[in-house]
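The structure appears below as structure tokens.
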Amino acid sequence: RKGVVLACGGFENNPDMLMNYFCSEGDAIPFFSGTPWNRGDGHKMVSELGVPLWHMNSYAGASGMFRVQSLDSGMSSWPNFKSKDYIYVNAEGRRFMGRHGRLKDEAGAWALMSFPSPSHIIFGQAMFDGDPLMTVESRSQWVARIDGYRAADTNQGMLDAGLFVKADTVEELAEKTGYDATTLAETIAKYNEDVAAGKETQFGRGEAYYGTYVGSGRDTGETRTGEQVVVIEPFELLPIEPPYYAAQISMVLLNTQ
């Protein structure tokens with residue numbers, strides 16, 4: 001009834017709007033992987049006409065991506081994991097999730113994890129040697145489809161651009177990332193102890209991870225909704241050894257809806 005539909009793009013590259021509609025206190029501002037030109041211009045236009053905005057926190061996105069353009073840009077990429085020597089740490093220097101992009105169940109609805117600010121992925125030499133850490137082939141990432149939007153195409157180039165940091169000791173790593181050195185050392189030591197024992201005790205990392213299948217088999221017509229399936233196959237854990245590397249991460253928006 002007298003409704004108007006606007007095809008005006010999103011606002012995933014507008015930090016002020018992200019803070020207003022997406023972020024709770026202590027959350028990191030989301031990065032983005034879609035077009036950098038979605039800045040909320042259409043939303044500003046209708047706001048100036050006095051039109052109220054509603055239901056502004058719906059989005060398509062993922063968890064655990066890192067900057068690839070510059071330290072003042074939210075342009076990001078999914079990690080392209082070539083090794084298992086990595087962990088995620090929160091603002092306190094403690095681990096807060098065990099798997100990339102892990103979802104959580106909120107009263108029956110699956111939601112992406114919020115990310116504390118700052119958060120980092122900390123990884124070792126094996127991961128660094130698996131060039132490149134960023135995903136360079138993807139239909140849904142701007143930096144994988146459009147040239148000129150990432151600082152480098154190699155891990156060494158990302159390090160040279162300041163998007164990765166490198167340290168020979170945990171103390172040096174803590175200084176470069178802003179973490180408490182004692183806490184960060186305890187975090188890495190505890191993880192490595194679990195690896196040596198063959199069982200990660202905090203998140204069950206390395207074990208088969210089961211999730212609920214959503215949807216139906218399009219090819220067979222077989223309904224599988226609700227079936228428990230293996231989302232992540234079990235794998236061998238690897239310790240995190242010096243030299244250490246780190247990159248700041250956040251949740252990421254492909255687009256707002």
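How things are named: the first chain in the structure tokens is A, the next is B, and so on; residues count from 1 in each chain; ligands count from 1 in the order shown.
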
Counting only C-alpha atoms, which residues of range 1-111 of chain A sit at most 8 Å from some atom of range 169-188 of chain A, and what is each one's closest atom pair with its distance in Å to one decimal, listed by chain and rising residue number, as CSV?
```
residue,atom,partner,partner_atom,distance
A:Ala91,CA,A:Tyr179,CA,7.3
A:Glu92,CA,A:Tyr179,CA,6.6
A:Gly93,CA,A:Leu184,CA,5.0
A:Arg94,CA,A:Thr187,CA,5.8
A:Arg95,CA,A:Thr187,CA,7.0
```

I need the residues from that last selection saved to file as a PDB file, in the first residue's frame (with all heavy atoms), if you can.
```pdb
ATOM      1  N   ALA A  91      40.413  -9.755  22.174  1.00  0.00           N
ATOM      2  CA  ALA A  91      41.059  -8.548  22.668  1.00  0.00           C
ATOM      3  C   ALA A  91      41.908  -8.800  23.909  1.00  0.00           C
ATOM      4  O   ALA A  91      42.803  -8.010  24.219  1.00  0.00           O
ATOM      5  CB  ALA A  91      40.001  -7.478  22.968  1.00  0.00           C
ATOM      6  N   GLU A  92      41.642  -9.887  24.603  1.00  0.00           N
ATOM      7  CA  GLU A  92      42.411 -10.223  25.797  1.00  0.00           C
ATOM      8  C   GLU A  92      43.594 -11.121  25.494  1.00  0.00           C
ATOM      9  O   GLU A  92      44.354 -11.479  26.396  1.00  0.00           O
ATOM     10  CB  GLU A  92      41.502 -10.911  26.821  1.00  0.00           C
ATOM     11  CG  GLU A  92      40.346 -10.039  27.298  1.00  0.00           C
ATOM     12  CD  GLU A  92      39.417 -10.793  28.224  1.00  0.00           C
ATOM     13  OE1 GLU A  92      39.558 -12.030  28.316  1.00  0.00           O
ATOM     14  OE2 GLU A  92      38.563 -10.152  28.848  1.00  0.00           O
ATOM     15  N   GLY A  93      43.747 -11.520  24.237  1.00  0.00           N
ATOM     16  CA  GLY A  93      44.830 -12.424  23.882  1.00  0.00           C
ATOM     17  C   GLY A  93      44.502 -13.870  24.172  1.00  0.00           C
ATOM     18  O   GLY A  93      45.395 -14.711  24.256  1.00  0.00           O
ATOM     19  N   ARG A  94      43.207 -14.165  24.308  1.00  0.00           N
ATOM     20  CA  ARG A  94      42.770 -15.537  24.573  1.00  0.00           C
ATOM     21  C   ARG A  94      41.969 -16.061  23.380  1.00  0.00           C
ATOM     22  O   ARG A  94      41.346 -15.296  22.650  1.00  0.00           O
ATOM     23  CB  ARG A  94      41.906 -15.586  25.842  1.00  0.00           C
ATOM     24  CG  ARG A  94      42.628 -15.064  27.073  1.00  0.00           C
ATOM     25  CD  ARG A  94      41.774 -15.252  28.321  1.00  0.00           C
ATOM     26  NE  ARG A  94      42.364 -14.614  29.482  1.00  0.00           N
ATOM     27  CZ  ARG A  94      43.345 -15.126  30.210  1.00  0.00           C
ATOM     28  NH1 ARG A  94      43.832 -16.312  29.893  1.00  0.00           N
ATOM     29  NH2 ARG A  94      43.833 -14.478  31.248  1.00  0.00           N
ATOM     30  N   ARG A  95      41.975 -17.362  23.192  1.00  0.00           N
ATOM     31  CA  ARG A  95      41.221 -17.961  22.097  1.00  0.00           C
ATOM     32  C   ARG A  95      39.722 -17.792  22.331  1.00  0.00           C
ATOM     33  O   ARG A  95      39.240 -17.881  23.459  1.00  0.00           O
ATOM     34  CB  ARG A  95      41.567 -19.439  21.967  1.00  0.00           C
ATOM     35  CG  ARG A  95      43.026 -19.690  21.580  1.00  0.00           C
ATOM     36  CD  ARG A  95      43.330 -21.173  21.518  1.00  0.00           C
ATOM     37  NE  ARG A  95      42.572 -21.808  20.450  1.00  0.00           N
ATOM     38  CZ  ARG A  95      42.149 -23.062  20.483  1.00  0.00           C
ATOM     39  NH1 ARG A  95      42.389 -23.823  21.532  1.00  0.00           N
ATOM     40  NH2 ARG A  95      41.483 -23.573  19.460  1.00  0.00           N
TER      41      ARG A  95
END
```

Write out as CSV the residues of range 85-180 of chain A that have any atom within 12 Å of an atom of range 22-44 of chain A, one row each with the nearest atom pair and its distance in Å to one decimal, counting only C-alpha atoms, sorted by chain and then rising number.
```
residue,atom,partner,partner_atom,distance
A:Asn90,CA,A:Ala28,CA,10.3
A:Ala91,CA,A:Gly26,CA,9.1
A:Glu92,CA,A:Gly26,CA,11.7
A:Leu112,CA,A:Pro30,CA,11.5
A:Met113,CA,A:Asp27,CA,10.3
A:Ser114,CA,A:Asp27,CA,6.5
A:Phe115,CA,A:Asp27,CA,5.5
A:Pro116,CA,A:Asp27,CA,4.5
A:Ser117,CA,A:Ala28,CA,4.3
A:Pro118,CA,A:Ala28,CA,6.3
A:Ser119,CA,A:Ala28,CA,7.8
A:His120,CA,A:Ala28,CA,11.1
A:Met134,CA,A:Ser33,CA,11.9
A:Thr135,CA,A:Ser33,CA,11.1
A:Val136,CA,A:Ser33,CA,11.9
A:Ser138,CA,A:Ser33,CA,10.4
A:Arg139,CA,A:Gly34,CA,10.1
A:Ser140,CA,A:Gly34,CA,6.9
A:Gln141,CA,A:Ser33,CA,5.1
A:Trp142,CA,A:Gly34,CA,5.0
A:Val143,CA,A:Ser33,CA,7.3
A:Ala144,CA,A:Ser33,CA,9.3
A:Arg145,CA,A:Gly34,CA,10.0
A:Ile146,CA,A:Thr35,CA,9.5
A:Tyr149,CA,A:Pro36,CA,9.4
A:Arg150,CA,A:Ser33,CA,11.3
```

Hey, what does DSSP flag as helix (DSSP H, G or I) within range 40-226 of chain A? Can you give it to me as an MDAnalysis selection string? chainID A and resid 41:48 125:129 142:145 155:160 170:177 181:197

Could you give me, as a compact mmCIF listing (two decimals) with C-alpha atoms, in the first residue's frame, the residues within 9 Å of Val195 in chain A, counting only C-alpha atoms and dropping anything in the same chain fewer than 4 positions from it?
```txt
# COMPACT_ATOMS: atom_id res chain seq x y z
CA LYS A 190 48.25 -24.14 26.29
CA TYR A 191 47.35 -24.75 22.66
CA LYS A 199 43.56 -33.48 21.91
CA GLU A 200 42.51 -29.83 21.83
CA GLU A 236 45.90 -33.54 12.64
CA LEU A 237 46.73 -30.59 14.86
CA LEU A 238 49.94 -28.62 14.35
CA PRO A 239 51.75 -26.52 16.97
```

When you look at Leu71 in chain A with a cut-off of 10 Å (counting only C-alpha atoms), what residues show up, excluding the ones that are within fewer than 6 positions of it in the same chain? I need them as a list in words.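 With the cut-off at 10 Å, the set is Ala161, Gly162, Leu163 and Gln248 of chain A.
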
All strand (DSSP E) positions in range 11-235 of chain A, as an mmCIF file with N, CA, C and O atoms, in the first residue's frame:
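Written out: states_17.cif:
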```
data_model
loop_
_atom_site.group_PDB
_atom_site.id
_atom_site.type_symbol
_atom_site.label_atom_id
_atom_site.label_comp_id
_atom_site.auth_asym_id
_atom_site.auth_seq_id
_atom_site.Cartn_x
_atom_site.Cartn_y
_atom_site.Cartn_z
ATOM 1 N N PHE A 31 34.416 -6.006 8.338
ATOM 2 C CA PHE A 31 35.072 -5.741 7.058
ATOM 3 C C PHE A 31 34.062 -6.022 5.943
ATOM 4 O O PHE A 31 32.924 -6.410 6.199
ATOM 5 N N PHE A 32 34.466 -5.827 4.698
ATOM 6 C CA PHE A 32 33.564 -6.111 3.586
ATOM 7 C C PHE A 32 34.335 -6.818 2.479
ATOM 8 O O PHE A 32 35.545 -6.655 2.339
ATOM 9 N N TYR A 59 21.945 -9.289 6.609
ATOM 10 C CA TYR A 59 23.129 -9.236 5.764
ATOM 11 C C TYR A 59 23.522 -10.632 5.298
ATOM 12 O O TYR A 59 23.070 -11.637 5.834
ATOM 13 N N ALA A 60 24.372 -10.664 4.294
ATOM 14 C CA ALA A 60 25.066 -11.888 3.901
ATOM 15 C C ALA A 60 26.537 -11.696 4.242
ATOM 16 O O ALA A 60 27.108 -10.637 3.955
ATOM 17 N N GLY A 61 27.141 -12.671 4.860
ATOM 18 C CA GLY A 61 28.532 -12.473 5.256
ATOM 19 C C GLY A 61 29.172 -13.736 5.767
ATOM 20 O O GLY A 61 28.650 -14.837 5.608
ATOM 21 N N ALA A 62 30.323 -13.572 6.384
ATOM 22 C CA ALA A 62 31.094 -14.695 6.906
ATOM 23 C C ALA A 62 31.926 -14.206 8.086
ATOM 24 O O ALA A 62 31.902 -13.031 8.437
ATOM 25 N N SER A 63 32.660 -15.114 8.693
ATOM 26 C CA SER A 63 33.459 -14.785 9.866
ATOM 27 C C SER A 63 34.945 -14.979 9.599
ATOM 28 O O SER A 63 35.337 -15.840 8.803
ATOM 29 N N GLY A 64 35.761 -14.178 10.260
ATOM 30 C CA GLY A 64 37.189 -14.436 10.299
ATOM 31 C C GLY A 64 37.966 -14.040 9.070
ATOM 32 O O GLY A 64 38.848 -14.773 8.636
ATOM 33 N N MET A 65 37.685 -12.872 8.481
ATOM 34 C CA MET A 65 38.434 -12.406 7.320
ATOM 35 C C MET A 65 39.389 -11.284 7.722
ATOM 36 O O MET A 65 39.245 -10.666 8.775
ATOM 37 N N PHE A 66 40.382 -11.019 6.879
ATOM 38 C CA PHE A 66 41.398 -10.038 7.225
ATOM 39 C C PHE A 66 41.572 -9.011 6.109
ATOM 40 O O PHE A 66 41.253 -9.260 4.946
ATOM 41 N N ARG A 67 42.094 -7.843 6.492
ATOM 42 C CA ARG A 67 42.286 -6.755 5.534
ATOM 43 C C ARG A 67 43.318 -7.135 4.469
ATOM 44 O O ARG A 67 44.316 -7.786 4.768
ATOM 45 N N SER A 76 38.553 -6.894 2.354
ATOM 46 C CA SER A 76 39.074 -8.084 3.017
ATOM 47 C C SER A 76 38.998 -9.320 2.138
ATOM 48 O O SER A 76 38.440 -9.296 1.042
ATOM 49 N N SER A 77 39.553 -10.413 2.664
ATOM 50 C CA SER A 77 39.552 -11.696 1.964
ATOM 51 C C SER A 77 39.417 -12.818 2.971
ATOM 52 O O SER A 77 39.868 -12.708 4.114
ATOM 53 N N TYR A 86 47.443 -22.448 13.268
ATOM 54 C CA TYR A 86 46.882 -21.120 13.524
ATOM 55 C C TYR A 86 45.846 -21.208 14.639
ATOM 56 O O TYR A 86 45.249 -22.250 14.899
ATOM 57 N N ILE A 87 45.621 -20.075 15.300
ATOM 58 C CA ILE A 87 44.564 -19.931 16.295
ATOM 59 C C ILE A 87 43.965 -18.535 16.156
ATOM 60 O O ILE A 87 44.559 -17.648 15.539
ATOM 61 N N TYR A 88 42.777 -18.344 16.745
ATOM 62 C CA TYR A 88 42.138 -17.035 16.801
ATOM 63 C C TYR A 88 42.197 -16.524 18.236
ATOM 64 O O TYR A 88 41.878 -17.263 19.165
ATOM 65 N N VAL A 89 42.548 -15.261 18.421
ATOM 66 C CA VAL A 89 42.579 -14.685 19.768
ATOM 67 C C VAL A 89 41.767 -13.401 19.792
ATOM 68 O O VAL A 89 41.677 -12.674 18.793
ATOM 69 N N LEU A 103 29.583 -21.115 13.167
ATOM 70 C CA LEU A 103 28.301 -20.504 13.459
ATOM 71 C C LEU A 103 27.843 -20.894 14.856
ATOM 72 O O LEU A 103 28.263 -21.897 15.407
ATOM 73 N N LYS A 104 26.962 -20.100 15.436
ATOM 74 C CA LYS A 104 26.394 -20.441 16.725
ATOM 75 C C LYS A 104 24.873 -20.448 16.608
ATOM 76 O O LYS A 104 24.278 -19.752 15.787
ATOM 77 N N ASP A 105 24.229 -21.260 17.430
ATOM 78 C CA ASP A 105 22.790 -21.413 17.396
ATOM 79 C C ASP A 105 22.178 -20.489 18.434
ATOM 80 O O ASP A 105 22.434 -20.607 19.620
ATOM 81 N N GLU A 106 21.356 -19.548 17.997
ATOM 82 C CA GLU A 106 20.693 -18.620 18.907
ATOM 83 C C GLU A 106 19.193 -18.880 18.854
ATOM 84 O O GLU A 106 18.504 -18.440 17.939
ATOM 85 N N ALA A 109 17.985 -20.187 15.602
ATOM 86 C CA ALA A 109 18.400 -19.457 14.397
ATOM 87 C C ALA A 109 19.919 -19.421 14.353
ATOM 88 O O ALA A 109 20.571 -19.113 15.349
ATOM 89 N N TRP A 110 20.488 -19.734 13.195
ATOM 90 C CA TRP A 110 21.937 -19.733 13.053
ATOM 91 C C TRP A 110 22.422 -18.334 12.732
ATOM 92 O O TRP A 110 21.920 -17.683 11.826
ATOM 93 N N ALA A 111 23.408 -17.867 13.500
ATOM 94 C CA ALA A 111 23.922 -16.515 13.322
ATOM 95 C C ALA A 111 25.442 -16.554 13.267
ATOM 96 O O ALA A 111 26.079 -17.421 13.865
ATOM 97 N N LEU A 112 26.039 -15.610 12.551
ATOM 98 C CA LEU A 112 27.485 -15.483 12.547
ATOM 99 C C LEU A 112 27.957 -14.963 13.892
ATOM 100 O O LEU A 112 27.258 -14.200 14.556
ATOM 101 N N SER A 119 40.589 -8.522 17.176
ATOM 102 C CA SER A 119 40.791 -9.966 17.114
ATOM 103 C C SER A 119 41.869 -10.232 16.074
ATOM 104 O O SER A 119 42.013 -9.479 15.114
ATOM 105 N N HIS A 120 42.633 -11.299 16.269
ATOM 106 C CA HIS A 120 43.703 -11.641 15.332
ATOM 107 C C HIS A 120 43.714 -13.132 15.047
ATOM 108 O O HIS A 120 43.307 -13.938 15.892
ATOM 109 N N ILE A 121 44.163 -13.483 13.877
ATOM 110 C CA ILE A 121 44.571 -14.850 13.595
ATOM 111 C C ILE A 121 46.080 -14.877 13.761
ATOM 112 O O ILE A 121 46.798 -14.029 13.231
ATOM 113 N N ILE A 122 46.559 -15.801 14.583
ATOM 114 C CA ILE A 122 47.993 -15.954 14.826
ATOM 115 C C ILE A 122 48.417 -17.273 14.197
ATOM 116 O O ILE A 122 47.779 -18.310 14.418
ATOM 117 N N PHE A 123 49.467 -17.235 13.397
ATOM 118 C CA PHE A 123 49.856 -18.431 12.661
ATOM 119 C C PHE A 123 51.372 -18.555 12.587
ATOM 120 O O PHE A 123 52.116 -17.623 12.910
ATOM 121 N N VAL A 165 51.944 -9.023 10.548
ATOM 122 C CA VAL A 165 53.113 -8.703 11.374
ATOM 123 C C VAL A 165 53.865 -9.992 11.661
ATOM 124 O O VAL A 165 53.283 -11.081 11.677
ATOM 125 N N LYS A 166 55.160 -9.863 11.879
ATOM 126 C CA LYS A 166 56.019 -11.005 12.137
ATOM 127 C C LYS A 166 56.823 -10.751 13.393
ATOM 128 O O LYS A 166 57.251 -9.618 13.654
ATOM 129 N N ALA A 167 57.016 -11.804 14.185
ATOM 130 C CA ALA A 167 57.783 -11.676 15.420
ATOM 131 C C ALA A 167 58.527 -12.970 15.701
ATOM 132 O O ALA A 167 58.011 -14.065 15.445
ATOM 133 N N TYR A 209 33.507 -32.199 12.984
ATOM 134 C CA TYR A 209 32.529 -31.205 13.418
ATOM 135 C C TYR A 209 31.224 -31.448 12.673
ATOM 136 O O TYR A 209 31.194 -31.436 11.448
ATOM 137 N N TYR A 210 30.153 -31.693 13.434
ATOM 138 C CA TYR A 210 28.861 -32.019 12.846
ATOM 139 C C TYR A 210 27.940 -30.812 12.862
ATOM 140 O O TYR A 210 27.958 -30.006 13.784
ATOM 141 N N GLY A 211 27.137 -30.696 11.824
ATOM 142 C CA GLY A 211 26.149 -29.645 11.751
ATOM 143 C C GLY A 211 24.853 -30.190 11.187
ATOM 144 O O GLY A 211 24.790 -31.321 10.688
ATOM 145 N N THR A 212 23.806 -29.396 11.285
ATOM 146 C CA THR A 212 22.500 -29.807 10.800
ATOM 147 C C THR A 212 22.334 -29.407 9.345
ATOM 148 O O THR A 212 22.503 -28.238 8.993
ATOM 149 N N GLN A 228 22.122 -34.812 10.558
ATOM 150 C CA GLN A 228 23.446 -34.446 11.041
ATOM 151 C C GLN A 228 24.503 -34.887 10.030
ATOM 152 O O GLN A 228 24.571 -36.058 9.672
ATOM 153 N N VAL A 229 25.296 -33.934 9.572
ATOM 154 C CA VAL A 229 26.322 -34.234 8.576
ATOM 155 C C VAL A 229 27.662 -33.697 9.067
ATOM 156 O O VAL A 229 27.727 -32.800 9.915
ATOM 157 N N VAL A 230 28.748 -34.266 8.534
ATOM 158 C CA VAL A 230 30.086 -33.801 8.897
ATOM 159 C C VAL A 230 30.388 -32.521 8.118
ATOM 160 O O VAL A 230 30.458 -32.527 6.888
ATOM 161 N N VAL A 231 30.536 -31.423 8.833
ATOM 162 C CA VAL A 231 30.846 -30.141 8.209
ATOM 163 C C VAL A 231 32.352 -29.996 8.011
ATOM 164 O O VAL A 231 32.810 -29.501 6.984
ATOM 165 N N ILE A 232 33.128 -30.421 9.007
ATOM 166 C CA ILE A 232 34.587 -30.373 8.933
ATOM 167 C C ILE A 232 35.127 -31.761 9.257
ATOM 168 O O ILE A 232 34.824 -32.330 10.307
#
```

Measure the distance from CA of Glu137 in chain A to CA of Ser70 in chain A in Å and round it to one decimal.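 Calculated distance between CA of Glu137 in chain A and CA of Ser70 in chain A is 20.0 Å.
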